Structure formats: structure tokens, C-alpha cells
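Heads up, query.cif below (mmCIF, C-alpha atoms and all ligand atoms):
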data_coords
loop_
_atom_site.group_PDB
_atom_site.id
_atom_site.type_symbol
_atom_site.label_atom_id
_atom_site.label_comp_id
_atom_site.auth_asym_id
_atom_site.auth_seq_id
_atom_site.Cartn_x
_atom_site.Cartn_y
_atom_site.Cartn_z
ATOM 1 C CA MET A 1 -1.575 15.350 -6.951
ATOM 2 C CA GLU A 2 1.202 16.883 -9.015
ATOM 3 C CA ASN A 3 4.677 15.583 -8.177
ATOM 4 C CA CYS A 4 3.405 12.683 -6.076
ATOM 5 C CA LEU A 5 5.212 9.494 -7.076
ATOM 6 C CA PHE A 6 2.281 7.226 -6.249
ATOM 7 C CA CYS A 7 -0.230 9.492 -8.014
ATOM 8 C CA LYS A 8 2.019 9.161 -11.091
ATOM 9 C CA ILE A 9 1.983 5.374 -10.704
ATOM 10 C CA ILE A 10 -1.827 5.389 -10.509
ATOM 11 C CA ALA A 11 -1.923 7.576 -13.649
ATOM 12 C CA GLY A 12 0.406 5.168 -15.487
ATOM 13 C CA GLU A 13 3.063 7.874 -15.905
ATOM 14 C CA ILE A 14 5.500 5.695 -13.956
ATOM 15 C CA PRO A 15 5.358 1.949 -14.680
ATOM 16 C CA SER A 16 4.488 -0.512 -11.935
ATOM 17 C CA THR A 17 3.495 -4.120 -11.572
ATOM 18 C CA LYS A 18 -0.194 -3.775 -10.807
ATOM 19 C CA VAL A 19 -1.830 -6.536 -8.800
ATOM 20 C CA TYR A 20 -5.259 -5.008 -8.137
ATOM 21 C CA GLU A 21 -7.366 -1.944 -8.806
ATOM 22 C CA ASP A 22 -10.917 -0.794 -8.241
ATOM 23 C CA GLU A 23 -12.646 2.579 -8.163
ATOM 24 C CA ASN A 24 -10.999 3.528 -4.850
ATOM 25 C CA VAL A 25 -7.799 1.497 -4.638
ATOM 26 C CA PHE A 26 -4.644 0.710 -6.610
ATOM 27 C CA ALA A 27 -2.119 -1.971 -5.588
ATOM 28 C CA PHE A 28 1.292 -2.833 -7.029
ATOM 29 C CA ARG A 29 4.490 -4.667 -6.150
ATOM 30 C CA ASP A 30 7.071 -2.754 -4.121
ATOM 31 C CA ILE A 31 10.185 -1.872 -6.135
ATOM 32 C CA ASN A 32 12.419 -2.928 -3.223
ATOM 33 C CA PRO A 33 10.764 -6.045 -1.805
ATOM 34 C CA GLN A 34 11.448 -6.925 1.818
ATOM 35 C CA ALA A 35 9.668 -10.286 1.615
ATOM 36 C CA PRO A 36 8.739 -12.785 -1.132
ATOM 37 C CA VAL A 37 5.403 -10.963 -1.359
ATOM 38 C CA HIS A 38 5.620 -7.189 -0.866
ATOM 39 C CA ILE A 39 2.703 -5.217 -2.226
ATOM 40 C CA LEU A 40 1.661 -1.600 -1.696
ATOM 41 C CA VAL A 41 -2.047 -0.809 -1.409
ATOM 42 C CA ILE A 42 -2.929 2.848 -1.905
ATOM 43 C CA PRO A 43 -6.083 4.943 -2.192
ATOM 44 C CA ARG A 44 -6.532 6.584 -5.606
ATOM 45 C CA HIS A 45 -7.404 9.817 -3.842
ATOM 46 C CA HIS A 46 -4.231 11.560 -2.685
ATOM 47 C CA ILE A 47 -4.055 11.381 1.107
ATOM 48 C CA SER A 48 -0.618 12.066 2.524
ATOM 49 C CA SER A 49 -0.530 9.570 5.393
ATOM 50 C CA MET A 50 -2.471 7.995 8.237
ATOM 51 C CA ALA A 51 -2.282 11.403 9.905
ATOM 52 C CA ALA A 52 -4.537 12.791 7.161
ATOM 53 C CA ILE A 53 -7.193 10.091 6.921
ATOM 54 C CA ASP A 54 -9.859 12.581 7.943
ATOM 55 C CA GLU A 55 -9.546 13.646 4.269
ATOM 56 C CA ALA A 56 -10.567 10.166 3.104
ATOM 57 C CA THR A 57 -14.098 8.828 2.893
ATOM 58 C CA ASP A 58 -15.122 5.808 4.909
ATOM 59 C CA ALA A 59 -15.647 4.013 1.580
ATOM 60 C CA GLU A 60 -12.051 4.707 0.523
ATOM 61 C CA LEU A 61 -10.629 3.475 3.805
ATOM 62 C CA ALA A 62 -12.812 0.383 3.834
ATOM 63 C CA ALA A 63 -11.828 -0.322 0.230
ATOM 64 C CA CYS A 64 -8.143 -0.318 1.188
ATOM 65 C CA LEU A 65 -8.708 -2.838 3.980
ATOM 66 C CA ARG A 66 -10.920 -5.070 1.825
ATOM 67 C CA ALA A 67 -8.338 -4.953 -0.962
ATOM 68 C CA ILE A 68 -5.631 -6.050 1.465
ATOM 69 C CA ARG A 69 -7.654 -9.128 2.424
ATOM 70 C CA LEU A 70 -8.452 -9.953 -1.198
ATOM 71 C CA ILE A 71 -4.850 -9.529 -2.399
ATOM 72 C CA ALA A 72 -3.460 -11.613 0.467
ATOM 73 C CA ALA A 73 -5.868 -14.398 -0.410
ATOM 74 C CA ARG A 74 -4.972 -14.195 -4.107
ATOM 75 C CA GLU A 75 -1.267 -14.289 -3.251
ATOM 76 C CA GLY A 76 -1.844 -17.457 -1.231
ATOM 77 C CA LEU A 77 -0.646 -16.028 2.081
ATOM 78 C CA LYS A 78 -2.331 -18.782 4.072
ATOM 79 C CA GLU A 79 0.230 -18.671 6.892
ATOM 80 C CA GLY A 80 -0.385 -14.986 7.446
ATOM 81 C CA TYR A 81 1.089 -11.663 6.530
ATOM 82 C CA ARG A 82 1.996 -8.295 7.996
ATOM 83 C CA VAL A 83 0.315 -4.984 7.121
ATOM 84 C CA VAL A 84 2.370 -1.836 7.776
ATOM 85 C CA SER A 85 1.632 1.831 7.192
ATOM 86 C CA ASN A 86 4.539 4.120 7.977
ATOM 87 C CA CYS A 87 3.382 7.574 9.049
ATOM 88 C CA GLY A 88 5.772 10.506 9.179
ATOM 89 C CA PRO A 89 9.501 10.829 9.812
ATOM 90 C CA HIS A 90 9.710 8.735 12.984
ATOM 91 C CA ALA A 91 8.295 5.825 11.019
ATOM 92 C CA CYS A 92 10.578 6.536 8.021
ATOM 93 C CA GLN A 93 7.695 7.225 5.633
ATOM 94 C CA SER A 94 9.451 7.981 2.343
ATOM 95 C CA VAL A 95 6.495 8.516 -0.014
ATOM 96 C CA PRO A 96 3.884 10.989 1.217
ATOM 97 C CA HIS A 97 0.843 9.186 -0.201
ATOM 98 C CA LEU A 98 -0.974 6.883 2.235
ATOM 99 C CA HIS A 99 0.062 3.297 1.605
ATOM 100 C CA PHE A 100 -0.250 -0.065 3.264
ATOM 101 C CA HIS A 101 2.587 -2.544 2.831
ATOM 102 C CA ILE A 102 1.495 -6.194 2.605
ATOM 103 C CA LEU A 103 4.477 -8.353 3.574
ATOM 104 C CA GLY A 104 4.267 -12.105 3.381
ATOM 105 C CA GLY A 105 5.705 -15.371 2.195
ATOM 106 C CA ARG A 106 8.206 -15.734 5.023
ATOM 107 C CA GLN A 107 8.287 -15.737 8.817
ATOM 108 C CA MET A 108 8.293 -12.175 10.125
ATOM 109 C CA ALA A 109 10.357 -11.133 13.134
ATOM 110 C CA ASP A 110 8.346 -11.021 16.351
ATOM 111 C CA GLN A 111 9.572 -7.469 17.019
ATOM 112 C CA MET A 112 7.686 -4.654 15.325
ATOM 113 C CA ALA A 113 10.528 -2.169 15.128
HETATM 114 P P1 LIG B 201 7.579 3.921 2.955
HETATM 115 O O1 LIG B 201 9.024 3.882 3.328
HETATM 116 O O2 LIG B 201 6.688 3.269 4.005
HETATM 117 O O3 LIG B 201 7.127 5.308 2.581
HETATM 118 O O4 LIG B 201 7.441 2.994 1.678
HETATM 119 C C1 LIG B 201 7.583 3.439 0.376
HETATM 120 C C2 LIG B 201 7.801 2.229 -0.477
HETATM 121 O O5 LIG B 201 7.624 2.633 -1.816
HETATM 122 C C3 LIG B 201 9.177 1.621 -0.387
HETATM 123 O O6 LIG B 201 9.074 0.308 0.187
HETATM 124 C C4 LIG B 201 9.680 1.531 -1.805
HETATM 125 C C5 LIG B 201 8.450 1.821 -2.628
HETATM 126 N N1 LIG B 201 8.699 2.562 -3.840
HETATM 127 C C6 LIG B 201 9.346 3.757 -3.931
HETATM 128 N N2 LIG B 201 9.391 4.155 -5.211
HETATM 129 C C7 LIG B 201 8.748 3.193 -5.939
HETATM 130 C C8 LIG B 201 8.470 3.050 -7.330
HETATM 131 O O7 LIG B 201 8.795 3.880 -8.182
HETATM 132 N N3 LIG B 201 7.818 1.915 -7.696
HETATM 133 C C9 LIG B 201 7.420 0.968 -6.785
HETATM 134 N N4 LIG B 201 6.793 -0.122 -7.260
HETATM 135 N N5 LIG B 201 7.668 1.079 -5.468
HETATM 136 C C10 LIG B 201 8.319 2.182 -5.061
#
The structure in this file should be written as C-alpha cells.
Amino acid sequence: MENCLFCKIIAGEIPSTKVYEDENVFAFRDINPQAPVHILVIPRHHISSMAAIDEATDAELAACLRAIRLIAAREGLKEGYRVVSNCGPHACQSVPHLHFHILGGRQMADQMA
């Protein structure tokens, strides 16, 4: 989608540190890491947020989840990791293209918010 930051990253118009891609998914390191490992997993197809996943195919959604598992394993996150998808203003979503944060490499707080 025109003017979508993450669509521009997928297209290579904005540089990123890619860690994984397949026909449905693109994944890259977050520009402002909140943990030693902080990776964003996004569908190639522009979907604005979790609130719009009816626009995604089951294959696209499954591909995102399978990519998360694969990337976490590749990154050596044996002690675990957190997966976060901020949806809308109450969750402080800042980029309106569905994305899953993988956070790992340190102990996470036991509070979600
Ligand atoms: P959220 O707040 O959940 O919408 O997360 C958006 C994330 O996107 C945030 O952690 C920072 C990251 N981000 C924003 N702009 C860029 C960029 O140009 N490159 C990369 N690699 N990450 C970005």
C-alpha cells in the first residue's frame, strides 16, 4: 500500500535488516530494540492490524506464526520469548501494518502492560 512504512520496507524502498522472508512473510530487526533480540514479523499483504485480519488468508496468518517459531529458534531463544501485536491507539500501535514483535534474549517483566 502506498505510504505504508512497512510496505516500503518489504519493497526495499526503505532499508532494513532482514532476518527472514517467504512468499507470505517478511521479518526484520526493529529500529528501536527493546530487548537483545527484537524482530518484527509482518505479512507481505497489507493488513492494517489485528482488527483487520478478516482481510488476510488463513495461509498468511499461519505463515506469520510459523515464521515466528522458526526465527525464534534461529535466534537461539531457548529460554523463551514474548510475541506482541499492538492493535490500535489504546495499544499504542504506531505503524498501521499488522506486525508481531518477537522480544527475547532477556527476562521479561511478569506484567503485560
Ligand atoms: P508498534 O508501536 O507496535 O506499532 O511498533 C512499531 C515498531 O516499528 C516500533 O517498535 C519501531 C519500529 N519501526 C518504526 N519505523 C521503523 C523503521 O523504519 N525500520 C525498522 N526496522 N523498524 C521501525
Which neighbours of Val41 (chain A) fall inside 12 Å, counting all atoms listed in the file, when residues of the same chain fewer than 4 positions from it are skipped, and could you give them as a ChimeraX atom specification?
/A:6,9-10,18-22,24-30,60-61,63-72,83-85,97-103
Which residue gives the smallest distance to ligand LIG 201 (chain B) among A:Ile53, A:Leu77, A:Cys7, A:Cys87, with all atoms listed in the file counted?
A:Cys87
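Using all atoms listed in the file, we find that the residues with an atom at most 7 Å from any atom of ligand LIG 201 (chain B) are Leu5, Ile14, Ser16, Thr17, Phe28, Arg29, Asp30, Ile31, Asn32, Pro33, Ser85, Asn86, Cys92, Gln93, Ser94, Val95 and Pro96 of chain A.
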Could you check which of A:Cys4, A:Ala73, A:Ala11, A:Ala59 is closest to Ile47 (chain A), using only C-alpha atoms?
A:Cys4
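Rounded to one decimal, CA of Arg44 (chain A) and CA of Ala56 (chain A) lie 10.2 Å from each other.
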Enter the distance from CA of Arg74 (chain A) to CA of Ala91 (chain A), in Å, rounded to one decimal.
28.4 Å
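Taking CA of Glu23 (chain A) and CA of Ala62 (chain A) as the two end points, the separation is 12.2 Å.
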